[in-house]
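*Asks:* Handing you a structure now.
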Amino acid sequence: MIFVNNSFDLLKSQSKKEALPDDFMMEISENTFEKMLKRKEEMGFGKKSWNEWFEKLFANENVESEKEIIERIFKKGTLEYFYEDWVRNFALNLENIWNGASVRELIPQKVEHNSSAIIIGRGPSIDRHNHLELLANSNYKGTIICTDGAMPKVLKAGITPDKFEKFFTLTVDTVDWQKDFYNDPICAKYGNKIRCILSSTVSPGVYEAAKKANMKIFWIHALVDYNEGNTSFNKMAGIMTRAKNYQSGLPAIQTGGNVGTAAWIVAWSILKRATVALIGIDHGYYTETPWEKINYHSIPMPKDVDQNSEEFKRAYPTIYNPYFNCYCKQDPPFVYFSNALKEFIQRTTKIVKTINATEGGAIFGDGIECMTLKNFLSKYYT
Amino acid sequence: MIRANFNIKKIEKKEASEQEKFEALIARSGVGSHMVFRSENKNDEFFIDEL
């Protein structure tokens, strides 16, 4: 039997989504019943069923936008999947963090208002528009922030710290196989001139691989649960970091869920660049690429999904980019990432100018300037 | 206290709604490699200088 008053059983059963038992009963006080009856009548449900009134009550509660629904689902999944890895990796990295350098060392004394950076991702536009070749052959003197996954290809294309002196790379992901990017022999060739920013929760294998490639490593925290107060992992990680050598702790950044957005945050919040261009940050795919051939997030499309269903069309939308006159299709992770990045760009237009130079993709809208990479390189060269 | 004297009828569950199917599809698509951080203090959402 489930009691309404002073019982947690009802809450527990609801959270488990148990079926309503045939012998379900509930006990309420007369006072509560009178209040329910009065409120039901006040809301125009006097002659309607209790169930209709309850459905109305709960429908009005916490009405979520589609963006909020997607964030809620991804937050739950990511926490369940990665929380223990974050804590374990941080524990294993702590000695190296104490003995290493803070990303604060990269904050310039003077902010140059005509400074710019290019964030390089590994989205499909990078090949379609020959962006690596175009950049490699340019005289661009600004900052390059290369996402970890793009680094081997970028270096092999001739975008090296020998030519582009302000060359940074970044890892925020937790999984161990990120080290494969650093273990590519081309990274060891240029490693001593590459500044590598690592989240305090990366796999220790990534740290070892970056160190082996002779990169100079700078530590940063990734924000995950700082809003939950003193018992949050972020708070405790901060306290442990400050226990030795770091009286001021480390800077902590929003990752937006992925390394490309984290690189964009680093560009203006840490490196203080005034203009940031994006290439290879598509947050989507070309429409002609079949879903079955896409495995970008290492999770193939389930075979039993009906691609003609309404829910599929909502979850995997095809969008028109009017700035580059092209279409792009997204999977749910890229909808999640792009929703956040577009919102962040809109909220920071007074601090940083953001340019989508991918010549396509999903990052467009208020506060985002769109231009070809060729055009960007002709306007911004420092 | 009174025991509820209204008849509680078990309403058979319908097939999953389009919304439920949509949310299930999102959940099956994987997890982010990291996550979007949200805070009631919007100033904290981009970066914190000293943690």
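Labels for the structure tokens follow display order: chains A, B, ..., residues from 1 in each chain, ligands from 1.
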Name all residues at most 10 Å from region 179-194 of chain A (count only C-alpha atoms; drop same-chain ones fewer than 3 positions away) and give them as a PyMOL selection string.

*Replies:* chain A and resi 147-156+160-162+164-169+171+175-176+197+202-217

*Asks:* Got a sec to pull out which chain A residues are within 6 Å of chain B, counting only C-alpha atoms, and send them as a list in words?

*Replies:*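 Per the criterion, chain A yields Met26, Glu27, Ile28, Ser29, Phe74, Gly77, Thr78, Asp173, Val224, Asn227, Gly238, Ser248, Gly249, Leu250, Pro251, Ala252, Ile253, Gln254, Gly256, Gly257, Asn258, Glu311 and Pro332 of chain A.
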
*Asks:* Which residues are close to Ser102 (chain A), i.e. within 7 Å by only C-alpha atoms, leaving aside same-chain residues fewer than 4 positions away? Reply as a PyMOL selection string.

*Replies:* chain A and resi 218-220+250

*Asks:* Provide the CA of Met236 (chain A) to CA of Thr174 (chain A) distance in Å, to one decimal place.

*Replies:* 18.1 Å

*Asks:* Using DSSP secondary structure from the backbone, list all strand (DSSP E) positions within region 61-252 of chain A, as a PyMOL selection string.

*Replies:* chain A and resi 101-102+116-120+143-147+167-171+195-199+216-222+252

*Asks:* Can you tell me, as JSON, numbers by chain, what residues are no more than 12 Å from Ser115 (chain A) when counting only C-alpha atoms, ignoring any on the same chain fewer than 2 positions away?

*Replies:* {"A": [108, 110, 111, 112, 113, 117, 118, 140, 141, 142, 143, 144, 166, 267, 268, 271, 272, 273, 274, 275, 276, 277, 352, 353, 379, 380, 381, 382]}

*Asks:* Rounded to one decimal, what separation in Å do you get between CA of Gly158 (chain A) and CA of Ile120 (chain A)?

*Replies:*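 For CA of Gly158 (chain A) relative to CA of Ile120 (chain A), the distance reads 13.5 Å.
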
*Asks:* Which distance in Å separates CA of His129 (chain A) and CA of Glu359 (chain A), to one decimal?

*Replies:* 7.8 Å

*Asks:* Among the residues of region 68-276 of chain A, find those DSSP assigns to alpha helix (DSSP H) from the backbone and print them as a ChimeraX atom specification.

*Replies:* /A:68-98,125-128,131-136,151-156,179-183,185-190,204-212,233-242,259-269

*Asks:* If we count only C-alpha atoms and set the cut-off at 9 Å, which residues sit around Phe324 (chain A), ignoring sequence neighbours fewer than 6 positions away in its own chain? Please answer as an mmCIF file with N, CA and C atoms, in the first residue's frame.

*Replies:*
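Saved to around-v4.cif:
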data_model
loop_
_atom_site.group_PDB
_atom_site.id
_atom_site.type_symbol
_atom_site.label_atom_id
_atom_site.label_comp_id
_atom_site.auth_asym_id
_atom_site.auth_seq_id
_atom_site.Cartn_x
_atom_site.Cartn_y
_atom_site.Cartn_z
ATOM 1 N N GLU A 359 32.508 27.311 -43.940
ATOM 2 C CA GLU A 359 31.784 27.346 -45.213
ATOM 3 C C GLU A 359 30.637 26.330 -45.231
ATOM 4 N N GLY A 360 30.023 26.149 -44.086
ATOM 5 C CA GLY A 360 28.872 25.248 -43.984
ATOM 6 C C GLY A 360 28.573 24.997 -42.513
ATOM 7 N N GLY A 361 28.022 23.828 -42.242
ATOM 8 C CA GLY A 361 27.810 23.408 -40.862
ATOM 9 C C GLY A 361 26.635 24.073 -40.173
ATOM 10 N N CYS A 370 29.674 34.882 -40.734
ATOM 11 C CA CYS A 370 30.053 33.770 -41.605
ATOM 12 C C CYS A 370 30.830 34.307 -42.800
ATOM 13 N N MET A 371 31.992 33.718 -43.052
ATOM 14 C CA MET A 371 32.772 34.103 -44.240
ATOM 15 C C MET A 371 33.679 32.941 -44.622
ATOM 16 N N THR A 372 34.160 32.962 -45.846
ATOM 17 C CA THR A 372 35.060 31.881 -46.262
ATOM 18 C C THR A 372 36.397 32.035 -45.538
#
